[in-house]
Every structure is written in structure tokens, then in C-alpha cells.
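Coordinates from target_21.pdb are shown below (PDB, C-alpha atoms).
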ATOM      1  CA  MET M   1      27.391 -15.144  -0.953
ATOM      2  CA  ASN M   2      24.059 -13.340  -1.405
ATOM      3  CA  ASN M   3      22.009 -13.793  -4.545
ATOM      4  CA  ILE M   4      19.314 -11.873  -6.345
ATOM      5  CA  ILE M   5      16.656 -14.474  -7.044
ATOM      6  CA  SER M   6      13.942 -12.446  -8.765
ATOM      7  CA  TYR M   7      13.008  -8.875  -9.564
ATOM      8  CA  ALA M   8      10.153  -6.777 -10.862
ATOM      9  CA  HIS M   9      10.275  -3.386 -12.524
ATOM     10  CA  ILE M  10       7.270  -1.109 -13.006
ATOM     11  CA  LYS M  11       7.287   1.990 -15.181
ATOM     12  CA  ASN M  12       5.659   3.375 -18.342
ATOM     13  CA  ASN M  13       2.389   1.679 -17.266
ATOM     14  CA  GLN M  14       4.049  -1.728 -17.607
ATOM     15  CA  VAL M  15       5.227  -4.447 -15.255
ATOM     16  CA  SER M  16       8.313  -6.450 -16.057
ATOM     17  CA  VAL M  17       9.321  -9.562 -14.122
ATOM     18  CA  ASN M  18      12.874 -10.820 -14.536
ATOM     19  CA  GLY M  19      13.222  -8.770 -17.708
ATOM     20  CA  SER M  20       9.984  -9.722 -19.483
ATOM     21  CA  VAL M  21       6.929  -7.481 -19.671
ATOM     22  CA  MET M  22       4.151  -9.390 -17.860
ATOM     23  CA  PHE M  23       1.418  -6.766 -17.692
ATOM     24  CA  GLN M  24       0.636  -3.435 -19.289
ATOM     25  CA  SER M  25      -2.083  -0.806 -19.309
ATOM     26  CA  ALA M  26      -2.824   1.723 -22.019
ATOM     27  CA  HIS M  27      -0.063   4.300 -22.228
ATOM     28  CA  SER M  28      -2.662   6.964 -21.420
ATOM     29  CA  ALA M  29      -3.923   5.306 -18.232
ATOM     30  CA  SER M  30      -3.520   7.423 -15.090
ATOM     31  CA  VAL M  31      -1.427   6.247 -12.140
ATOM     32  CA  SER M  32      -4.505   5.118 -10.229
ATOM     33  CA  GLU M  33      -6.019   3.369 -13.269
ATOM     34  CA  PHE M  34      -2.784   1.522 -13.927
ATOM     35  CA  LEU M  35      -2.388   0.460 -10.283
ATOM     36  CA  SER M  36      -5.970  -0.730 -10.133
ATOM     37  CA  GLU M  37      -5.656  -2.751 -13.365
ATOM     38  CA  ALA M  38      -2.331  -4.274 -12.272
ATOM     39  CA  TYR M  39      -3.923  -5.281  -8.933
ATOM     40  CA  LYS M  40      -6.843  -6.953 -10.730
ATOM     41  CA  SER M  41      -4.416  -8.848 -12.967
ATOM     42  CA  LEU M  42      -2.940 -10.518  -9.869
ATOM     43  CA  GLU M  43      -6.388 -11.802  -8.828
ATOM     44  CA  LEU M  44      -5.721 -11.031  -5.188
ATOM     45  CA  SER M  45      -8.318 -10.376  -2.551
ATOM     46  CA  TYR M  46      -6.763  -7.850  -0.203
ATOM     47  CA  PRO M  47      -9.288  -5.072   0.513
ATOM     48  CA  LYS M  48      -6.658  -3.027   2.368
ATOM     49  CA  PHE M  49      -4.977  -2.421  -0.999
ATOM     50  CA  HIS M  50      -7.712   0.054  -1.939
ATOM     51  CA  LYS M  51      -7.021   2.144   1.155
ATOM     52  CA  MET M  52      -3.337   2.597   0.392
ATOM     53  CA  ASP M  53      -1.858   5.666  -1.242
ATOM     54  CA  ALA M  54      -0.281   5.370  -4.698
ATOM     55  CA  GLN M  55       3.227   4.779  -3.378
ATOM     56  CA  CYS M  56       2.184   1.912  -1.125
ATOM     57  CA  LYS M  57       0.106   0.381  -3.913
ATOM     58  CA  LEU M  58       3.090   0.610  -6.240
ATOM     59  CA  GLY M  59       5.484  -0.980  -3.739
ATOM     60  CA  PHE M  60       2.940  -3.632  -2.801
ATOM     61  CA  LEU M  61       2.362  -4.590  -6.448
ATOM     62  CA  CYS M  62       6.029  -4.561  -7.415
ATOM     63  CA  ALA M  63       6.928  -6.843  -4.489
ATOM     64  CA  GLU M  64       3.975  -9.090  -5.302
ATOM     65  CA  PHE M  65       5.081  -9.464  -8.929
ATOM     66  CA  ALA M  66       8.701 -10.131  -7.852
ATOM     67  CA  MET M  67       7.636 -12.836  -5.374
ATOM     68  CA  ARG M  68       5.082 -14.537  -7.594
ATOM     69  CA  GLY M  69       6.274 -17.994  -8.600
ATOM     70  CA  THR M  70       9.081 -18.013  -6.038
ATOM     71  CA  ALA M  71       9.211 -19.681  -2.631
ATOM     72  CA  PHE M  72      10.714 -16.535  -1.112
ATOM     73  CA  LEU M  73       8.175 -16.127   1.692
ATOM     74  CA  THR M  74       8.113 -19.769   2.721
ATOM     75  CA  GLU M  75      11.833 -20.514   2.551
ATOM     76  CA  HIS M  76      12.971 -17.882   5.021
ATOM     77  CA  GLU M  77      12.184 -16.984   8.574
ATOM     78  CA  LEU M  78      10.076 -13.851   8.332
ATOM     79  CA  SER M  79      11.828 -12.484  11.444
ATOM     80  CA  ARG M  80      15.078 -12.704   9.475
ATOM     81  CA  THR M  81      13.688 -11.138   6.320
ATOM     82  CA  ALA M  82      14.501  -7.464   5.806
ATOM     83  CA  ILE M  83      12.840  -4.759   3.729
ATOM     84  CA  VAL M  84      15.048  -1.979   2.353
ATOM     85  CA  LEU M  85      13.433   0.609   0.114
ATOM     86  CA  SER M  86      14.352   3.987  -1.300
ATOM     87  CA  ASN M  87      13.007   6.764  -3.483
ATOM     88  CA  ASN M  88      13.401  10.386  -4.495
ATOM     89  CA  ALA M  89      10.012  11.940  -3.709
ATOM     90  CA  SER M  90       9.619  10.620  -0.156
ATOM     91  CA  SER M  91       5.830  10.818   0.455
ATOM     92  CA  LEU M  92       5.421  14.064  -1.494
ATOM     93  CA  GLU M  93       2.390  12.941  -3.510
ATOM     94  CA  THR M  94       0.344  12.175  -0.395
ATOM     95  CA  ASP M  95       1.773  15.222   1.394
ATOM     96  CA  ARG M  96       0.211  17.314  -1.396
ATOM     97  CA  VAL M  97      -3.172  15.614  -0.976
ATOM     98  CA  HIS M  98      -3.072  16.279   2.768
ATOM     99  CA  GLN M  99      -1.964  19.891   2.248
ATOM    100  CA  HIS M 100      -4.830  20.427  -0.196
ATOM    101  CA  SER M 101      -7.315  19.162   2.417
ATOM    102  CA  ILE M 102      -6.181  21.783   4.957
ATOM    103  CA  ASP M 103      -5.696  24.739   2.591
ATOM    104  CA  ASP M 104      -9.245  26.036   2.966
ATOM    105  CA  LYS M 105      -9.963  26.853   6.597
ATOM    106  CA  SER M 106     -13.700  27.068   5.872
ATOM    107  CA  ASN M 107     -13.703  23.540   4.459
ATOM    108  CA  TYR M 108     -11.193  21.974   6.824
ATOM    109  CA  PHE M 109     -11.564  18.193   6.804
ATOM    110  CA  PRO M 110      -8.124  16.556   6.872
ATOM    111  CA  SER M 111      -8.456  12.829   6.341
ATOM    112  CA  PRO M 112      -6.796  10.557   8.939
ATOM    113  CA  ALA M 113      -6.602   7.846   6.258
ATOM    114  CA  VAL M 114      -4.561  10.198   4.049
ATOM    115  CA  PHE M 115      -2.444  11.549   6.884
ATOM    116  CA  VAL M 116      -1.164   8.103   7.891
ATOM    117  CA  TYR M 117       0.520   7.824   4.484
ATOM    118  CA  THR M 118       2.517  11.051   4.830
ATOM    119  CA  LEU M 119       5.715   9.112   5.565
ATOM    120  CA  PRO M 120       7.569   7.117   2.889
ATOM    121  CA  ASN M 121       8.369   4.150   5.126
ATOM    122  CA  ILE M 122       4.676   3.293   5.416
ATOM    123  CA  THR M 123       5.289   1.349   2.188
ATOM    124  CA  ILE M 124       7.548  -0.939   4.216
ATOM    125  CA  GLY M 125       4.833  -1.230   6.869
ATOM    126  CA  GLU M 126       2.233  -2.310   4.323
ATOM    127  CA  LEU M 127       4.549  -5.027   2.991
ATOM    128  CA  ALA M 128       5.410  -6.150   6.510
ATOM    129  CA  ILE M 129       1.727  -6.357   7.505
ATOM    130  CA  LYS M 130       0.695  -8.238   4.373
ATOM    131  CA  HIS M 131       3.454 -10.825   4.584
ATOM    132  CA  LYS M 132       4.026 -10.849   8.383
ATOM    133  CA  ILE M 133       7.649  -9.815   7.892
ATOM    134  CA  THR M 134       9.285  -8.668  11.131
ATOM    135  CA  GLY M 135      12.961  -8.337  10.221
ATOM    136  CA  GLU M 136      15.121  -5.223   9.826
ATOM    137  CA  ASN M 137      13.876  -2.370   7.697
ATOM    138  CA  ALA M 138      15.054   0.956   6.347
ATOM    139  CA  PHE M 139      13.822   3.559   3.889
ATOM    140  CA  PHE M 140      16.320   5.889   2.186
ATOM    141  CA  VAL M 141      15.549   9.064   0.275
ATOM    142  CA  SER M 142      18.119   9.722  -2.437
ATOM    143  CA  GLU M 143      18.397  11.873  -5.548
ATOM    144  CA  LYS M 144      18.159   8.899  -7.918
ATOM    145  CA  PHE M 145      18.176   5.111  -7.878
ATOM    146  CA  ASP M 146      21.376   4.294  -5.988
ATOM    147  CA  ALA M 147      22.437   0.677  -6.490
ATOM    148  CA  ASP M 148      25.558   1.201  -4.396
ATOM    149  CA  LEU M 149      23.617   2.363  -1.357
ATOM    150  CA  LEU M 150      21.081  -0.462  -1.559
ATOM    151  CA  VAL M 151      23.701  -3.179  -2.112
ATOM    152  CA  ASN M 152      25.983  -1.937   0.670
ATOM    153  CA  TYR M 153      23.192  -1.588   3.203
ATOM    154  CA  THR M 154      21.648  -4.957   2.332
ATOM    155  CA  GLU M 155      25.058  -6.654   2.515
ATOM    156  CA  SER M 156      25.618  -5.162   5.958
ATOM    157  CA  LEU M 157      22.298  -6.576   7.170
ATOM    158  CA  MET M 158      23.038  -9.970   5.699
ATOM    159  CA  ASP M 159      26.377 -10.142   7.496
ATOM    160  CA  ASN M 160      24.267 -10.528  10.617
ATOM    161  CA  VAL M 161      20.987 -12.332  11.280
ATOM    162  CA  THR M 162      19.167 -11.308   8.091
ATOM    163  CA  GLU M 163      18.899 -14.178   5.637
ATOM    164  CA  ALA M 164      16.686 -12.636   2.968
ATOM    165  CA  ALA M 165      15.616  -9.167   1.860
ATOM    166  CA  ILE M 166      13.133  -7.290  -0.282
ATOM    167  CA  VAL M 167      15.081  -4.372  -1.700
ATOM    168  CA  GLY M 168      14.444  -1.576  -4.153
ATOM    169  CA  TRP M 169      13.087   1.737  -5.347
ATOM    170  CA  VAL M 170       9.453   2.897  -5.085
ATOM    171  CA  ASP M 171       8.873   6.434  -6.308
ATOM    172  CA  VAL M 172       5.713   8.395  -7.139
ATOM    173  CA  ASP M 173       5.622  12.090  -8.014
ATOM    174  CA  GLY M 174       2.526  13.353  -9.824
ATOM    175  CA  SER M 175       2.009  11.271 -12.950
ATOM    176  CA  ASN M 176       5.582   9.945 -12.815
ATOM    177  CA  PHE M 177       6.109   6.657 -11.078
ATOM    178  CA  GLU M 178       8.611   3.837 -11.022
ATOM    179  CA  ALA M 179       9.301   0.810  -8.861
ATOM    180  CA  PHE M 180      12.156  -1.668  -9.060
ATOM    181  CA  ILE M 181      12.220  -4.370  -6.413
ATOM    182  CA  PHE M 182      14.573  -7.323  -6.170
ATOM    183  CA  LEU M 183      14.624 -10.255  -3.789
ATOM    184  CA  VAL M 184      17.869 -11.257  -2.129
ATOM    185  CA  GLU M 185      18.726 -14.392  -0.207
ATOM    186  CA  LYS M 186      21.782 -16.112   1.178
ATOM    187  CA  GLN M 187      23.022 -18.768  -1.181
ATOM    188  CA  LYS M 188      20.598 -21.661  -1.591
ATOM    189  CA  ASP M 189      19.785 -23.867  -4.523
ATOM    190  CA  THR M 190      16.214 -24.858  -3.731
ATOM    191  CA  ASN M 191      14.398 -21.933  -5.301
ATOM    192  CA  LYS M 192      13.455 -23.443  -8.636
ATOM    193  CA  ASN M 193      12.283 -20.286 -10.383
ATOM    194  CA  ALA M 194      15.180 -18.165  -9.210
ATOM    195  CA  ILE M 195      17.425 -16.209 -11.565
ATOM    196  CA  PHE M 196      20.467 -16.373  -9.197
ATOM    197  CA  LYS M 197      22.696 -13.420  -9.807
ATOM    198  CA  PRO M 198      25.229 -12.487  -7.140
ATOM    199  CA  LEU M 199      24.226  -9.337  -5.255
ATOM    200  CA  ASN M 200      26.519  -6.571  -6.423
ATOM    201  CA  GLN M 201      26.175  -3.109  -7.904
ATOM    202  CA  ALA M 202      26.980  -4.162 -11.495
ATOM    203  CA  ASN M 203      24.311  -6.877 -11.511
ATOM    204  CA  ILE M 204      21.698  -4.563 -10.038
ATOM    205  CA  ILE M 205      22.377  -1.947 -12.711
ATOM    206  CA  THR M 206      22.260  -4.610 -15.429
ATOM    207  CA  LEU M 207      18.883  -5.880 -14.186
ATOM    208  CA  TYR M 208      17.586  -2.326 -13.786
ATOM    209  CA  ASN M 209      18.312  -1.676 -17.474
ATOM    210  CA  GLN M 210      17.402  -5.112 -18.770
ATOM    211  CA  THR M 211      13.717  -4.711 -19.661
ATOM    212  CA  LYS M 212      12.846  -3.768 -23.220
ATOM    213  CA  TRP M 213       9.748  -1.648 -22.607
ATOM    214  CA  THR M 214       7.124  -1.797 -25.312
ATOM    215  CA  HIS M 215       5.897   1.758 -24.753
TER     216      HIS M 215
ATOM    217  CA  MET D   1     -34.493   5.596   8.566
ATOM    218  CA  ASP D   2     -34.013   3.172   5.657
ATOM    219  CA  ALA D   3     -33.206   6.006   3.274
ATOM    220  CA  LEU D   4     -30.610   7.374   5.694
ATOM    221  CA  ILE D   5     -29.050   3.918   6.091
ATOM    222  CA  GLU D   6     -28.771   3.554   2.297
ATOM    223  CA  LYS D   7     -27.205   7.012   2.044
ATOM    224  CA  LEU D   8     -24.720   6.134   4.792
ATOM    225  CA  LYS D   9     -23.725   2.927   2.999
ATOM    226  CA  GLY D  10     -22.655   4.921  -0.057
ATOM    227  CA  GLN D  11     -20.844   7.542   2.025
ATOM    228  CA  ILE D  12     -18.983   4.908   4.049
ATOM    229  CA  ILE D  13     -17.919   2.970   0.956
ATOM    230  CA  GLU D  14     -16.605   6.165  -0.611
ATOM    231  CA  GLN D  15     -14.988   7.680   2.470
ATOM    232  CA  LEU D  16     -13.317   4.435   3.599
ATOM    233  CA  ASN D  17     -12.320   3.276   0.099
ATOM    234  CA  LEU D  18     -14.170  -0.020   0.480
ATOM    235  CA  ALA D  19     -13.782  -0.714  -3.231
ATOM    236  CA  GLU D  20     -14.607  -4.414  -2.949
ATOM    237  CA  VAL D  21     -17.795  -3.898  -0.915
ATOM    238  CA  LYS D  22     -21.228  -3.423  -2.509
ATOM    239  CA  PRO D  23     -23.950  -1.479  -0.611
ATOM    240  CA  GLU D  24     -26.278  -4.509  -0.633
ATOM    241  CA  GLU D  25     -23.598  -6.567   1.126
ATOM    242  CA  ILE D  26     -23.649  -4.319   4.186
ATOM    243  CA  ASN D  27     -26.045  -5.548   6.855
ATOM    244  CA  PRO D  28     -27.248  -2.483   8.804
ATOM    245  CA  ASP D  29     -27.178  -4.473  12.038
ATOM    246  CA  SER D  30     -23.748  -6.108  11.636
ATOM    247  CA  PRO D  31     -20.850  -4.737  13.693
ATOM    248  CA  LEU D  32     -18.770  -2.185  11.795
ATOM    249  CA  PHE D  33     -15.564  -3.173  13.599
ATOM    250  CA  GLY D  34     -13.909  -6.524  14.176
ATOM    251  CA  GLU D  35     -16.243  -8.847  12.312
ATOM    252  CA  GLY D  36     -18.791  -7.447   9.853
ATOM    253  CA  LEU D  37     -17.090  -4.790   7.744
ATOM    254  CA  GLY D  38     -13.827  -5.325   9.605
ATOM    255  CA  LEU D  39     -12.997  -1.647   9.955
ATOM    256  CA  ASP D  40      -9.888  -0.510  11.860
ATOM    257  CA  SER D  41      -8.900   2.405  14.101
ATOM    258  CA  ILE D  42      -8.114   4.737  11.173
ATOM    259  CA  ASP D  43     -11.558   3.961   9.745
ATOM    260  CA  ALA D  44     -13.030   4.996  13.100
ATOM    261  CA  LEU D  45     -11.389   8.397  12.728
ATOM    262  CA  GLU D  46     -12.704   8.632   9.153
ATOM    263  CA  LEU D  47     -16.241   7.949  10.410
ATOM    264  CA  ILE D  48     -15.885  10.821  12.882
ATOM    265  CA  VAL D  49     -14.813  13.076   9.981
ATOM    266  CA  LEU D  50     -17.722  11.769   7.882
ATOM    267  CA  LEU D  51     -20.257  12.753  10.563
ATOM    268  CA  GLU D  52     -18.781  16.229  10.812
ATOM    269  CA  LYS D  53     -18.374  16.772   7.068
ATOM    270  CA  HIS D  54     -21.745  15.469   5.881
ATOM    271  CA  TYR D  55     -23.990  16.013   8.905
ATOM    272  CA  GLY D  56     -22.296  18.787  10.878
ATOM    273  CA  ILE D  57     -22.101  16.546  13.941
ATOM    274  CA  LYS D  58     -19.028  16.839  16.146
ATOM    275  CA  ILE D  59     -18.539  13.998  18.603
ATOM    276  CA  GLN D  60     -17.366  15.711  21.779
ATOM    277  CA  ASP D  61     -16.581  12.637  23.854
ATOM    278  CA  PRO D  62     -14.588   9.937  21.975
ATOM    279  CA  LYS D  63     -16.036   7.341  24.376
ATOM    280  CA  ASP D  64     -19.437   7.861  22.704
ATOM    281  CA  GLY D  65     -17.978   6.501  19.465
ATOM    282  CA  LYS D  66     -18.184   2.933  20.721
ATOM    283  CA  THR D  67     -21.971   3.151  20.939
ATOM    284  CA  ILE D  68     -22.539   5.365  17.902
ATOM    285  CA  PHE D  69     -20.410   3.266  15.550
ATOM    286  CA  GLN D  70     -21.639  -0.120  16.705
ATOM    287  CA  SER D  71     -23.491  -0.664  13.422
ATOM    288  CA  LEU D  72     -24.859   1.276  10.491
ATOM    289  CA  ARG D  73     -28.239   1.395  12.207
ATOM    290  CA  THR D  74     -26.876   2.860  15.456
ATOM    291  CA  MET D  75     -25.034   5.459  13.383
ATOM    292  CA  ALA D  76     -28.236   6.393  11.544
ATOM    293  CA  GLU D  77     -30.175   6.530  14.832
ATOM    294  CA  TYR D  78     -27.553   8.855  16.308
ATOM    295  CA  ILE D  79     -27.734  11.183  13.269
ATOM    296  CA  LYS D  80     -31.558  11.254  13.586
ATOM    297  CA  SER D  81     -31.333  11.958  17.316
ATOM    298  CA  GLN D  82     -29.191  14.992  16.547
ATOM    299  CA  GLY D  83     -31.846  16.215  14.109
ATOM    300  CA  LYS D  84     -29.333  16.218  11.258
ATOM    301  CA  SER D  85     -30.636  13.649   8.773
TER     302      SER D  85
END
Would you put the structure from the file into C-alpha cells?
Amino acid sequence: MNNIISYAHIKNNQVSVNGSVMFQSAHSASVSEFLSEAYKSLELSYPKFHKMDAQCKLGFLCAEFAMRGTAFLTEHELSRTAIVLSNNASSLETDRVHQHSIDDKSNYFPSPAVFVYTLPNITIGELAIKHKITGENAFFVSEKFDADLLVNYTESLMDNVTEAAIVGWVDVDGSNFEAFIFLVEKQKDTNKNAIFKPLNQANIITLYNQTKWTH
Amino acid sequence: MDALIEKLKGQIIEQLNLAEVKPEEINPDSPLFGEGLGLDSIDALELIVLLEKHYGIKIQDPKDGKTIFQSLRTMAEYIKSQGKS
């Protein structure tokens, strides 16, 4: 059996971990202000964070909050840890920034550092680089958060060599953003801070709707 | 030269999103890549764009980049040599 051991949900300028709001910015804060404040709250020193686009920052932070206080990264072989993400907007937000930089032919300075983020699966790459994860990975673009798709695909990976997975939704479109990331592992009982819910569609939907947002 | 180096520090911090780096922490003679500022290959491309955007300098031969971008000082010297400072 595969279990969900922890999850984080980010929306409405708030971060919830396992159903409790752990961090929030002012409701009026912009996407970049919120991401920057949430990063500072984690007291990390990872300069590469500042070079990421908003989607990668969001995925990075959501995974970081989900993993905090768990032994997820040390209890599994990183070559057998998968990353499965999805969203609606693909990399549209960064695509717009890139497009804007090439609109004016007389002021034509496309940024290589922007261009490298014009693919949604770069979010997976940033997580893999940070945590040295080398297992399977996939990024799906779907109309809305699709628990069925994520559960089925993750289950299929875990029928084989994969023993743990970072799974979820990371979506940024203009000022709208949301991330929901859950950690999955094959049944173990050593992860002291784990919530242990069997991986299935009903549990994912329950966890997705569990947080009582304060604004 | 010192004024140009200070100007370049600000432009590099902004262009490369080095949010955790302060201008006074950048040694003009330290390597920009590997050790020192620890820049990567995408940063190298951004530096090429920076030279073109702010100084109108187009590097024709990519092999020259290794010498030009050795340090902040070599970058400033190259800009001066092109008469673009």
C-alpha cells in the first residue's frame, strides 16, 4: 500500500501544511511579494531561488513546506523517488514575459534566464537539482486539479522501482496562483511526523479541501 | 575604472537576480564563474546580453567570453577598450 505522509497547500497568499495555516502574507501582497516572504520564513539559503520564475518558486516552496519536519528525503533512495506535477497554465506566465521582451524589434533583448523557464517541467528540474532526486518524473497539463490522474500515474510508478514520490499541482496565471503538493511513500512506520493516509482519489480530494483559509 | 566597476556590480546583481549578494561583497578580481560569484552557463548568456543592452557591445566570437568574463575587472577593462564606458 502507498501512503500520503504529508502535504502542503498554497493559495490566497497563505501556506497550509497538513491542514493548518503555517504562514500568510497580507491579502494584498503580489505573487512575487508573497513568494519572497514565504521563502524568508523558511530561513533557507539557496540563492538559485531568486533566479527562478514564479511557478518554480511556488513549486519549490510548496515541496519545501510539505517536506519540512519529515524524513522524506533521507528515508528513500533519491534514484527511486519520483516527481509528478501538473497544472492548467503550463508555463504561460513566463511565456508572456518572454513574448514581451521580443515584441519590440528596436529593443530586442530576450533574456536567456527567462527563456529557460518557458517549459512547465522546469519546476520538476528545480526540485530535482535542489534535492538530488533522479527518479521518474512527469508533468501533466490538465483543465483543473485532477486527483484521479495524479493518483493513477503515481500508483503505476510505484508498482515498479519507485518507492516515494512528490506529487501535486503547481499553477500560476497572472495574479492567480495555487500549489498543492503531497508526499507519497510505500508503507513504512518510521516517519514520526507523517499523517499516513492511503493514496487514493477520495483522500486526495479530502486533503485538498481540508484547509480552512483565513482570508 | 572604479566607477565603471561599481556600476557593473549593480547591473550584474539586477540582471542576474543575485538577490542575496551585496555590491560590497563582490571582489572585482574574484572569478565570476565556479568559485567567487558562482555564476552558471545561463548567467554567462545574461552577461552577453548585458554588454549588448547597456554598452552596445556585441561579442562576435563566443571564445572571447572566457577572457572577458574572467572577473568584474576584466569585464570593465574590455568595456573601456571598446570605448563604450
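Nearest residue to M:Cys56 among M:Ala147, M:Leu73, M:Val116, M:Met1 is M:Val116, counting all atoms listed in the file.
Among M:Leu92, M:Val17, M:Val170, M:Ile4, the residue with the shortest atom-to-atom distance to M:Gln201, counting only C-alpha atoms, is M:Ile4.
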| request: Pull out every residue that the ChimeraX specification (/M :<8) & /D matches in the shown coordinates and put them as an NGL selection string. | output: :D and (16-20 or 42-43 or 45-46 or 49 or 53)
| request: For D:Met1, please output as a VMD selection string all residues within 12 Å (counting all atoms listed in the file; exclusion window: fewer than 2 positions along the same chain). | output: chain D and resid 3 to 8 28 72 to 81 85
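Taking all atoms listed in the file into account, D:Ile68 lies nearest to D:Leu47 out of the set D:Gly83, D:Leu47, D:Lys22, D:Lys9.
Between atom CA of D:Gly34 and atom CA of D:Ser71 there is a distance of 11.3 Å.
Counting from atom CA of M:Ala179, the distance to atom CA of M:His9 is 5.7 Å.
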| said: I'd like the residues picked by the PyMOL selection byres ((chain M and resi 138) around 10) written out as a list in words, using the chain letters and numbers from the file. | reply: Ala82, Ile83, Val84, Leu85, Ser86, Asn121, Ile124, Glu136, Asn137, Phe139, Phe140, Tyr153, Thr154 and Val167 of chain M
| task | For the structure shown, which residues end up in the PyMOL selection byres ((chain M and resi 171) around 9)? Put them as a PyMOL selection string, please? | result | chain M and resi 55+58-59+86-91+169-170+172-173+176-179
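For the pair atom CA of M:Ser175 and atom CA of M:Lys11, the separation is 10.9 Å.
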| request: Using all atoms listed in the file, determine which residues lie at most 9 Å from M:Leu78, disregarding the query and same-chain residues fewer than 4 positions distant; provide the list as a ChimeraX atom specification. | output: /M:73-74,82,131-135,164
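Distances from D:Ile13, D:Lys84, D:Val21, D:Asp2 to D:Gly56 were compared using only C-alpha atoms, and the smallest one belongs to D:Lys84.
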Could you complete stretch 106-125 of chain M so that it carries N, CA and C atoms, and give it back as a PDB file, in the frame of the given file?
ATOM      1  N   SER M 106     -12.245  27.161   5.733  1.00  0.00           N
ATOM      2  CA  SER M 106     -13.700  27.068   5.872  1.00  0.00           C
ATOM      3  C   SER M 106     -14.210  25.683   5.429  1.00  0.00           C
ATOM      4  N   ASN M 107     -13.329  24.900   4.873  1.00  0.00           N
ATOM      5  CA  ASN M 107     -13.703  23.540   4.459  1.00  0.00           C
ATOM      6  C   ASN M 107     -12.586  22.607   4.918  1.00  0.00           C
ATOM      7  N   TYR M 108     -12.382  22.591   6.223  1.00  0.00           N
ATOM      8  CA  TYR M 108     -11.193  21.974   6.824  1.00  0.00           C
ATOM      9  C   TYR M 108     -11.515  20.566   7.311  1.00  0.00           C
ATOM     10  N   PHE M 109     -11.287  19.581   6.427  1.00  0.00           N
ATOM     11  CA  PHE M 109     -11.564  18.193   6.804  1.00  0.00           C
ATOM     12  C   PHE M 109     -10.379  17.300   6.451  1.00  0.00           C
ATOM     13  N   PRO M 110      -9.263  17.441   7.162  1.00  0.00           N
ATOM     14  CA  PRO M 110      -8.124  16.556   6.872  1.00  0.00           C
ATOM     15  C   PRO M 110      -8.526  15.100   7.118  1.00  0.00           C
ATOM     16  N   SER M 111      -8.076  14.236   6.227  1.00  0.00           N
ATOM     17  CA  SER M 111      -8.456  12.829   6.341  1.00  0.00           C
ATOM     18  C   SER M 111      -7.394  12.037   7.109  1.00  0.00           C
ATOM     19  N   PRO M 112      -7.774  11.394   8.220  1.00  0.00           N
ATOM     20  CA  PRO M 112      -6.796  10.557   8.939  1.00  0.00           C
ATOM     21  C   PRO M 112      -6.218   9.471   8.036  1.00  0.00           C
ATOM     22  N   ALA M 113      -7.050   8.936   7.133  1.00  0.00           N
ATOM     23  CA  ALA M 113      -6.602   7.846   6.258  1.00  0.00           C
ATOM     24  C   ALA M 113      -5.574   8.330   5.234  1.00  0.00           C
ATOM     25  N   VAL M 114      -5.602   9.626   4.928  1.00  0.00           N
ATOM     26  CA  VAL M 114      -4.561  10.198   4.049  1.00  0.00           C
ATOM     27  C   VAL M 114      -3.325  10.502   4.875  1.00  0.00           C
ATOM     28  N   PHE M 115      -3.557  11.102   6.044  1.00  0.00           N
ATOM     29  CA  PHE M 115      -2.444  11.549   6.884  1.00  0.00           C
ATOM     30  C   PHE M 115      -1.494  10.403   7.252  1.00  0.00           C
ATOM     31  N   VAL M 116      -2.035   9.214   7.482  1.00  0.00           N
ATOM     32  CA  VAL M 116      -1.164   8.103   7.891  1.00  0.00           C
ATOM     33  C   VAL M 116      -0.167   7.709   6.796  1.00  0.00           C
ATOM     34  N   TYR M 117      -0.414   8.162   5.572  1.00  0.00           N
ATOM     35  CA  TYR M 117       0.520   7.824   4.484  1.00  0.00           C
ATOM     36  C   TYR M 117       1.520   8.946   4.203  1.00  0.00           C
ATOM     37  N   THR M 118       1.579   9.956   5.076  1.00  0.00           N
ATOM     38  CA  THR M 118       2.517  11.051   4.830  1.00  0.00           C
ATOM     39  C   THR M 118       3.909  10.756   5.405  1.00  0.00           C
ATOM     40  N   LEU M 119       4.346   9.535   5.255  1.00  0.00           N
ATOM     41  CA  LEU M 119       5.715   9.112   5.565  1.00  0.00           C
ATOM     42  C   LEU M 119       6.073   8.040   4.534  1.00  0.00           C
ATOM     43  N   PRO M 120       7.259   8.090   3.948  1.00  0.00           N
ATOM     44  CA  PRO M 120       7.569   7.117   2.889  1.00  0.00           C
ATOM     45  C   PRO M 120       7.693   5.683   3.387  1.00  0.00           C
ATOM     46  N   ASN M 121       8.130   5.519   4.651  1.00  0.00           N
ATOM     47  CA  ASN M 121       8.369   4.150   5.126  1.00  0.00           C
ATOM     48  C   ASN M 121       7.086   3.380   5.437  1.00  0.00           C
ATOM     49  N   ILE M 122       5.938   4.023   5.254  1.00  0.00           N
ATOM     50  CA  ILE M 122       4.676   3.293   5.416  1.00  0.00           C
ATOM     51  C   ILE M 122       4.592   2.185   4.358  1.00  0.00           C
ATOM     52  N   THR M 123       5.253   2.393   3.227  1.00  0.00           N
ATOM     53  CA  THR M 123       5.289   1.349   2.188  1.00  0.00           C
ATOM     54  C   THR M 123       5.896   0.061   2.760  1.00  0.00           C
ATOM     55  N   ILE M 124       6.935   0.232   3.562  1.00  0.00           N
ATOM     56  CA  ILE M 124       7.548  -0.939   4.216  1.00  0.00           C
ATOM     57  C   ILE M 124       6.535  -1.576   5.170  1.00  0.00           C
ATOM     58  N   GLY M 125       5.831  -0.727   5.918  1.00  0.00           N
ATOM     59  CA  GLY M 125       4.833  -1.230   6.869  1.00  0.00           C
ATOM     60  C   GLY M 125       3.758  -2.051   6.185  1.00  0.00           C
TER      61      GLY M 125
END
